[in-house]
>>> print(open('work-v8.csv').read())   # CSV, C-alpha atoms
chain,number,residue,atom,x,y,z
A,95,HIS,CA,0.0,0.0,0.0
A,96,ARG,CA,2.9,2.3,0.8
A,97,MET,CA,4.4,1.7,-2.6
A,98,PHE,CA,1.2,2.7,-4.3
A,99,ASP,CA,1.0,5.9,-2.2
A,100,MET,CA,4.5,6.7,-3.5
A,101,VAL,CA,3.5,6.1,-7.1
A,102,GLN,CA,0.6,8.5,-6.7
A,103,ASP,CA,3.0,11.1,-5.3
A,104,LEU,CA,5.4,10.5,-8.2
A,105,LEU,CA,2.7,11.3,-10.7
A,106,HIS,CA,2.7,14.9,-9.6
A,107,THR,CA,6.4,15.4,-8.5
A,108,GLU,CA,7.9,18.1,-10.7
A,109,LYS,CA,11.5,18.8,-9.4
A,110,ASP,CA,14.1,16.5,-10.9
A,111,ASP,CA,15.9,15.7,-7.6
A,112,ASP,CA,12.6,15.0,-5.8
A,113,PHE,CA,11.4,12.8,-8.7
A,114,ASN,CA,14.6,10.8,-8.9
A,115,LYS,CA,14.7,10.2,-5.1
A,116,LEU,CA,11.1,9.0,-5.0
A,117,PHE,CA,11.6,6.8,-8.1
A,118,SER,CA,14.7,5.2,-6.5
A,119,ARG,CA,12.8,4.7,-3.3
A,120,ILE,CA,10.0,2.8,-5.2
A,121,GLU,CA,12.7,0.7,-7.0
A,122,LYS,CA,14.3,-0.1,-3.6
A,123,TYR,CA,10.9,-1.2,-2.2
A,124,GLU,CA,10.4,-3.4,-5.3
A,125,ASN,CA,13.8,-5.1,-4.6
A,126,ILE,CA,12.9,-5.6,-1.0
A,127,SER,CA,9.6,-7.3,-2.0
A,128,ASP,CA,11.4,-9.6,-4.4
A,129,ASN,CA,13.9,-10.6,-1.7
A,130,MET,CA,11.1,-11.2,0.9
A,131,GLU,CA,9.2,-13.3,-1.6
A,132,LEU,CA,12.3,-15.6,-2.1
A,133,GLU,CA,13.0,-15.8,1.6
A,134,ILE,CA,9.5,-16.7,2.5
A,135,ALA,CA,9.1,-19.1,-0.4
A,136,ASN,CA,12.4,-20.9,0.5
A,137,TYR,CA,11.2,-21.2,4.1
A,138,LEU,CA,7.8,-22.6,3.2
A,139,ASN,CA,9.4,-25.0,0.8
A,140,GLN,CA,11.6,-26.3,3.5
A,141,VAL,CA,8.6,-26.7,5.8
A,142,SER,CA,6.7,-28.6,3.1
A,143,GLU,CA,9.4,-31.2,3.0
A,144,GLY,CA,8.5,-32.4,6.5
A,145,ARG,CA,5.7,-34.6,7.5
A,146,LEU,CA,2.5,-32.7,7.1
A,147,SER,CA,-1.2,-33.4,7.0
A,148,SER,CA,-3.0,-32.8,3.7
A,149,GLU,CA,-4.6,-29.7,5.2
A,150,SER,CA,-1.2,-28.3,6.2
A,151,LYS,CA,0.1,-28.8,2.7
A,152,LEU,CA,-2.9,-27.0,1.3
A,153,GLN,CA,-2.3,-24.1,3.7
A,154,ILE,CA,1.4,-23.9,2.6
A,155,ARG,CA,0.4,-23.8,-1.1
A,156,ALA,CA,-2.1,-21.1,-0.3
A,157,MET,CA,0.6,-19.1,1.5
A,158,LEU,CA,3.0,-19.5,-1.4
A,159,ARG,CA,0.3,-18.2,-3.8
A,160,GLU,CA,-0.6,-15.3,-1.5
A,161,VAL,CA,3.1,-14.2,-1.2
A,162,THR,CA,3.5,-14.4,-5.0
A,163,GLU,CA,0.4,-12.2,-5.6
A,164,ILE,CA,1.5,-9.7,-3.0
A,165,GLU,CA,4.9,-9.5,-4.6
A,166,SER,CA,3.2,-9.0,-8.0
A,167,ILE,CA,1.5,-5.9,-6.5
A,168,GLY,CA,5.0,-4.5,-5.8
A,169,ASP,CA,5.9,-5.3,-9.4
A,170,SER,CA,2.9,-3.4,-10.6
A,171,CYS,CA,3.8,-0.4,-8.5
A,172,TYR,CA,7.3,-0.4,-10.0
A,173,ASN,CA,5.8,-0.7,-13.5
A,174,LEU,CA,3.6,2.3,-12.9
A,175,ALA,CA,6.6,4.3,-11.7
A,176,ARG,CA,8.5,3.4,-14.9
A,177,THR,CA,5.6,4.4,-17.1
A,178,ILE,CA,5.4,7.8,-15.3
A,179,ASN,CA,9.2,8.2,-15.8
A,180,ARG,CA,8.9,7.4,-19.5
A,181,LYS,CA,6.1,10.0,-19.8
A,182,ARG,CA,8.2,12.5,-18.0
A,183,GLN,CA,11.1,12.1,-20.5
A,184,THR,CA,8.8,13.1,-23.4
A,185,ASN,CA,8.5,16.6,-21.8
A,186,GLN,CA,4.7,16.4,-22.5
A,187,ASP,CA,1.9,16.2,-20.0
A,188,PHE,CA,-1.5,14.6,-19.7
A,189,THR,CA,-4.6,16.6,-20.3
A,190,GLU,CA,-6.8,17.6,-17.5
A,191,LYS,CA,-9.3,15.0,-18.4
A,192,GLN,CA,-6.6,12.3,-18.5
A,193,TYR,CA,-5.5,13.3,-15.0
A,194,GLU,CA,-9.1,13.1,-13.8
A,195,HIS,CA,-9.5,9.6,-15.1
A,196,ILE,CA,-6.1,8.5,-13.8
A,197,HIS,CA,-7.0,9.9,-10.3
A,198,PHE,CA,-10.3,8.0,-10.2
A,199,MET,CA,-8.7,4.7,-11.3
A,200,MET,CA,-6.0,5.1,-8.7
A,201,LYS,CA,-8.7,5.8,-6.1
A,202,LEU,CA,-10.5,2.6,-7.0
A,203,THR,CA,-7.1,0.7,-6.9
A,204,ASN,CA,-6.4,2.3,-3.5
A,205,ASP,CA,-9.8,1.2,-2.2
A,206,ALA,CA,-9.0,-2.4,-3.4
A,207,LEU,CA,-5.7,-2.4,-1.6
A,208,ALA,CA,-7.3,-1.0,1.6
A,209,GLN,CA,-9.9,-3.7,1.5
A,210,MET,CA,-7.3,-6.4,0.9
A,211,ILE,CA,-5.5,-5.4,4.1
A,212,VAL,CA,-8.8,-5.6,6.0
A,213,VAL,CA,-9.3,-9.2,4.7
A,214,VAL,CA,-5.7,-10.4,5.2
A,215,GLU,CA,-5.4,-9.0,8.7
A,216,LYS,CA,-8.8,-10.2,10.0
A,217,PRO,CA,-8.7,-12.6,12.9
A,218,GLU,CA,-9.4,-16.2,12.0
A,219,HIS,CA,-12.7,-16.3,13.9
A,220,GLN,CA,-14.0,-13.2,12.3
A,221,SER,CA,-16.0,-13.4,9.0
A,222,ILE,CA,-15.8,-10.7,6.4
A,223,ASP,CA,-17.9,-10.2,3.3
A,224,ILE,CA,-15.4,-10.3,0.5
A,225,ASN,CA,-18.1,-9.3,-2.0
A,226,LYS,CA,-17.0,-5.7,-1.5
A,227,SER,CA,-13.6,-6.6,-2.9
A,228,PHE,CA,-15.0,-8.3,-5.9
A,229,ASN,CA,-17.4,-5.3,-6.5
A,230,ILE,CA,-14.4,-3.0,-6.5
A,231,GLU,CA,-12.6,-5.2,-9.0
A,232,ASN,CA,-15.6,-5.3,-11.3
A,233,GLU,CA,-15.8,-1.5,-11.1
A,234,ILE,CA,-12.1,-1.3,-12.0
A,235,ASN,CA,-12.5,-3.6,-14.9
A,236,ASN,CA,-15.5,-1.7,-16.3
A,237,TYR,CA,-13.8,1.6,-15.9
A,238,ARG,CA,-10.7,0.3,-17.7
A,239,ASN,CA,-12.9,-0.9,-20.6
A,240,GLN,CA,-14.7,2.5,-20.7
A,241,LEU,CA,-11.4,4.4,-20.8
A,242,LYS,CA,-9.9,2.1,-23.4
A,243,ASN,CA,-12.7,2.8,-25.8
A,244,GLN,CA,-12.7,6.5,-25.0
A,245,ASN,CA,-8.9,6.7,-25.6
A,246,ILE,CA,-9.3,5.5,-29.2
A,247,LEU,CA,-11.9,8.3,-29.8
A,248,ASP,CA,-9.8,10.9,-28.1
A,249,VAL,CA,-6.6,10.0,-30.1
A,250,ASN,CA,-8.6,10.1,-33.4
A,251,ASN,CA,-10.1,13.5,-32.4
A,252,LYS,CA,-6.6,14.7,-31.7
A,253,GLU,CA,-7.3,15.5,-28.0
A,254,TYR,CA,-3.7,14.3,-27.5
A,255,ASP,CA,-1.2,12.4,-29.6
A,256,TYR,CA,-0.8,8.7,-29.9
A,257,GLN,CA,2.2,8.3,-27.6
A,258,MET,CA,0.6,10.2,-24.8
A,259,GLY,CA,-2.4,7.9,-25.2
A,260,VAL,CA,-0.1,4.9,-24.9
A,261,HIS,CA,1.4,6.2,-21.6
A,262,TYR,CA,-2.0,7.0,-20.3
A,263,MET,CA,-3.5,3.6,-21.1
A,264,ASP,CA,-0.3,1.9,-19.7
A,265,ILE,CA,-1.1,3.5,-16.3
A,266,ILE,CA,-4.8,2.6,-16.5
A,267,THR,CA,-4.1,-1.0,-17.5
A,268,GLU,CA,-1.4,-1.5,-14.9
A,269,CYS,CA,-3.8,-0.3,-12.2
A,270,GLU,CA,-6.3,-2.9,-13.5
A,271,LYS,CA,-3.7,-5.7,-13.3
A,272,LEU,CA,-2.9,-4.6,-9.7
A,273,GLY,CA,-6.5,-4.9,-8.9
A,274,ASP,CA,-6.4,-8.5,-10.2
A,275,TYR,CA,-3.5,-9.4,-8.0
A,276,VAL,CA,-5.4,-8.0,-5.0
A,277,VAL,CA,-8.4,-10.3,-5.7
A,278,ASN,CA,-6.1,-13.3,-6.3
A,279,VAL,CA,-4.8,-12.9,-2.8
A,280,TYR,CA,-8.4,-13.8,-1.6
A,281,GLY,CA,-8.3,-16.9,-3.9
A,282,THR,CA,-5.8,-18.5,-1.5
A,283,THR,CA,-8.3,-18.6,1.4
A,284,LEU,CA,-9.5,-21.9,2.7
A,285,PHE,CA,-13.3,-22.2,3.4
A,286,ALA,CA,-14.9,-24.8,5.7
A,287,PHE,CA,-18.6,-25.3,6.1
A,288,HIS,CA,-21.1,-27.7,7.7
A,289,ILE,CA,-23.3,-29.6,5.2
A,290,GLY,CA,-25.5,-31.7,7.5
A,291,GLU,CA,-25.6,-35.4,8.1
A,292,ASP,CA,-27.1,-36.6,4.8
A,293,TYR,CA,-24.6,-35.1,2.4
A,294,ARG,CA,-25.6,-37.4,-0.5
A,295,HIS,CA,-28.8,-35.4,-1.1
A,296,SER,CA,-27.6,-31.9,-0.1
A,297,LEU,CA,-24.4,-31.1,-1.8
A,298,ARG,CA,-22.8,-31.5,-5.3
A,299,ILE,CA,-19.3,-30.0,-6.1
A,300,ALA,CA,-17.5,-29.9,-9.4
A,301,SER,CA,-14.0,-28.4,-9.5
A,302,ALA,CA,-10.9,-28.1,-11.7
A,303,HIS,CA,-7.4,-26.8,-11.2
A,304,THR,CA,-4.5,-26.3,-13.5
A,305,ASP,CA,-0.9,-25.1,-12.7
A,306,PHE,CA,1.2,-23.4,-15.3
A,307,PRO,CA,4.9,-22.6,-15.0
A,308,ALA,CA,5.4,-18.9,-15.2
A,309,ILE,CA,7.4,-17.4,-18.1
A,310,ARG,CA,7.0,-13.8,-17.0
A,311,VAL,CA,10.2,-12.0,-16.2
A,312,LYS,CA,10.0,-9.6,-13.3
A,313,PRO,CA,10.6,-5.8,-13.9
A,314,ASN,CA,13.9,-5.9,-12.0
A,315,PRO,CA,15.0,-9.4,-12.7
A,316,ILE,CA,18.8,-9.6,-12.1
A,317,THR,CA,19.8,-11.2,-8.8
A,318,ASP,CA,23.1,-12.5,-7.6
A,319,VAL,CA,23.0,-15.7,-5.6
A,320,LYS,CA,26.1,-17.5,-4.2
A,321,GLY,CA,28.4,-16.2,-6.9
A,322,TYR,CA,26.2,-16.5,-9.9
A,323,THR,CA,23.6,-14.3,-11.6
A,324,LYS,CA,20.0,-15.3,-12.0
A,325,LEU,CA,17.2,-13.9,-14.2
A,326,ASN,CA,14.3,-13.7,-11.8
A,327,VAL,CA,10.8,-14.8,-13.0
A,328,GLU,CA,7.4,-15.2,-11.4
A,329,MET,CA,7.0,-18.4,-9.3
A,330,TYR,CA,3.5,-19.1,-10.5
A,331,GLY,CA,1.6,-18.4,-13.8
>>> encode(input="work-v8.csv", output="structure tokens")
Amino acid sequence: HRMFDMVQDLLHTEKDDDFNKLFSRIEKYENISDNMELEIANYLNQVSEGRLSSESKLQIRAMLREVTEIESIGDSCYNLARTINRKRQTNQDFTEKQYEHIHFMMKLTNDALAQMIVVVEKPEHQSIDINKSFNIENEINNYRNQLKNQNILDVNNKEYDYQMGVHYMDIITECEKLGDYVVNVYGTTLFAFHIGEDYRHSLRIASAHTDFPAIRVKPNPITDVKGYTKLNVEMYG
């Protein structure tokens, strides 16, 4: 959440020194999140090698997934900062209407992050309606689609040039991706419920699950481990 706050500040930082310091700070936080993900994942993998119940193994897999999605939020914040930096180097600026749309999309994304923290930090015995989180995600998706269509019209009508439209939509799209990562964190939650004594006539469940190896290289991928260099990629697809 703190990284996203810094991204919002970066959008309106004008002085070169202040901009470079804030950009470097966001980059530093992204490196920290990468390192934390690796450390936690290595620890959980070591734990999983022991004798564990099926339930414990599921919980470890859920935690691995949750850590990966949270780290991806850090990646998205860094991607947003890089887009803002690329826009800055053009010596052009967004229109007032573009800023208005970006601010509202960032507000929705900020709401999604705040709700994620509420869900993640809730006590185990406390139930929380996560429909609010999915409603925010739907609003983010719908707003992205609306702005995508409007952007084509605005470029055609010469409201701004094509390149500024690219930077603008890169920010909007990355916010939407960040919202997806937020909701994916909830997908790691385990649910338990009571179905009654005669389950044969009260419950039917169909499910499917597929794992894909990730091929997505992280924004800041170079890491040095025990004397050799690695290209860091996402742990899960």
>>> residues_around(input="work-v8.csv", residues="region 148-164 of chain A", least_positions_apart="2", cutoff="6 Å", atoms="only C-alpha atoms", output="PyMOL selection string")
chain A and resi 146+166-167+275+279+282
>>> residues_around(input="work-v8.csv", residues="Ser227 (chain A)", least_positions_apart="3", cutoff="12 Å", atoms="only C-alpha atoms", output="ChimeraX atom specification")
/A:202-214,222-224,230-234,273-281
>>> residues_around(input="work-v8.csv", residues="region 102-106 of chain A", least_positions_apart="2", cutoff="8 Å", atoms="only C-alpha atoms", output="mmCIF file with C-alpha atoms, in the frame of the given file")
data_model
loop_
_atom_site.group_PDB
_atom_site.id
_atom_site.type_symbol
_atom_site.label_atom_id
_atom_site.label_comp_id
_atom_site.auth_asym_id
_atom_site.auth_seq_id
_atom_site.Cartn_x
_atom_site.Cartn_y
_atom_site.Cartn_z
ATOM 1 C CA PHE A 98 1.200 2.700 -4.300
ATOM 2 C CA ASP A 99 1.000 5.900 -2.200
ATOM 3 C CA MET A 100 4.500 6.700 -3.500
ATOM 4 C CA GLU A 108 7.900 18.100 -10.700
ATOM 5 C CA PHE A 113 11.400 12.800 -8.700
ATOM 6 C CA LEU A 116 11.100 9.000 -5.000
ATOM 7 C CA PHE A 117 11.600 6.800 -8.100
ATOM 8 C CA ALA A 175 6.600 4.300 -11.700
ATOM 9 C CA ILE A 178 5.400 7.800 -15.300
ATOM 10 C CA MET A 200 -6.000 5.100 -8.700
#
>>> atom_distance(input="work-v8.csv", atom1="CA of Phe188 (chain A)", atom2="CA of His261 (chain A)")
9.1 Å
>>> closest_residue(input="work-v8.csv", among="A:Cys171, A:Val260, A:Ile266, A:Leu247", to="Asn125 (chain A)", atoms="all atoms listed in the file")
A:Cys171
>>> atom_distance(input="work-v8.csv", atom1="CA of Leu138 (chain A)", atom2="CA of Glu268 (chain A)")
29.3 Å
>>> closest_residue(input="work-v8.csv", among="A:Lys216, A:Lys271, A:Lys226, A:Lys122", to="Arg238 (chain A)", atoms="all atoms listed in the file")
A:Lys271
>>> atom_distance(input="work-v8.csv", atom1="CA of Asn250 (chain A)", atom2="CA of Asn173 (chain A)")
26.8 Å
>>> closest_residue(input="work-v8.csv", among="A:Tyr262, A:Thr267, A:Tyr172, A:Gln192", to="Asp128 (chain A)", atoms="all atoms listed in the file")
A:Tyr172
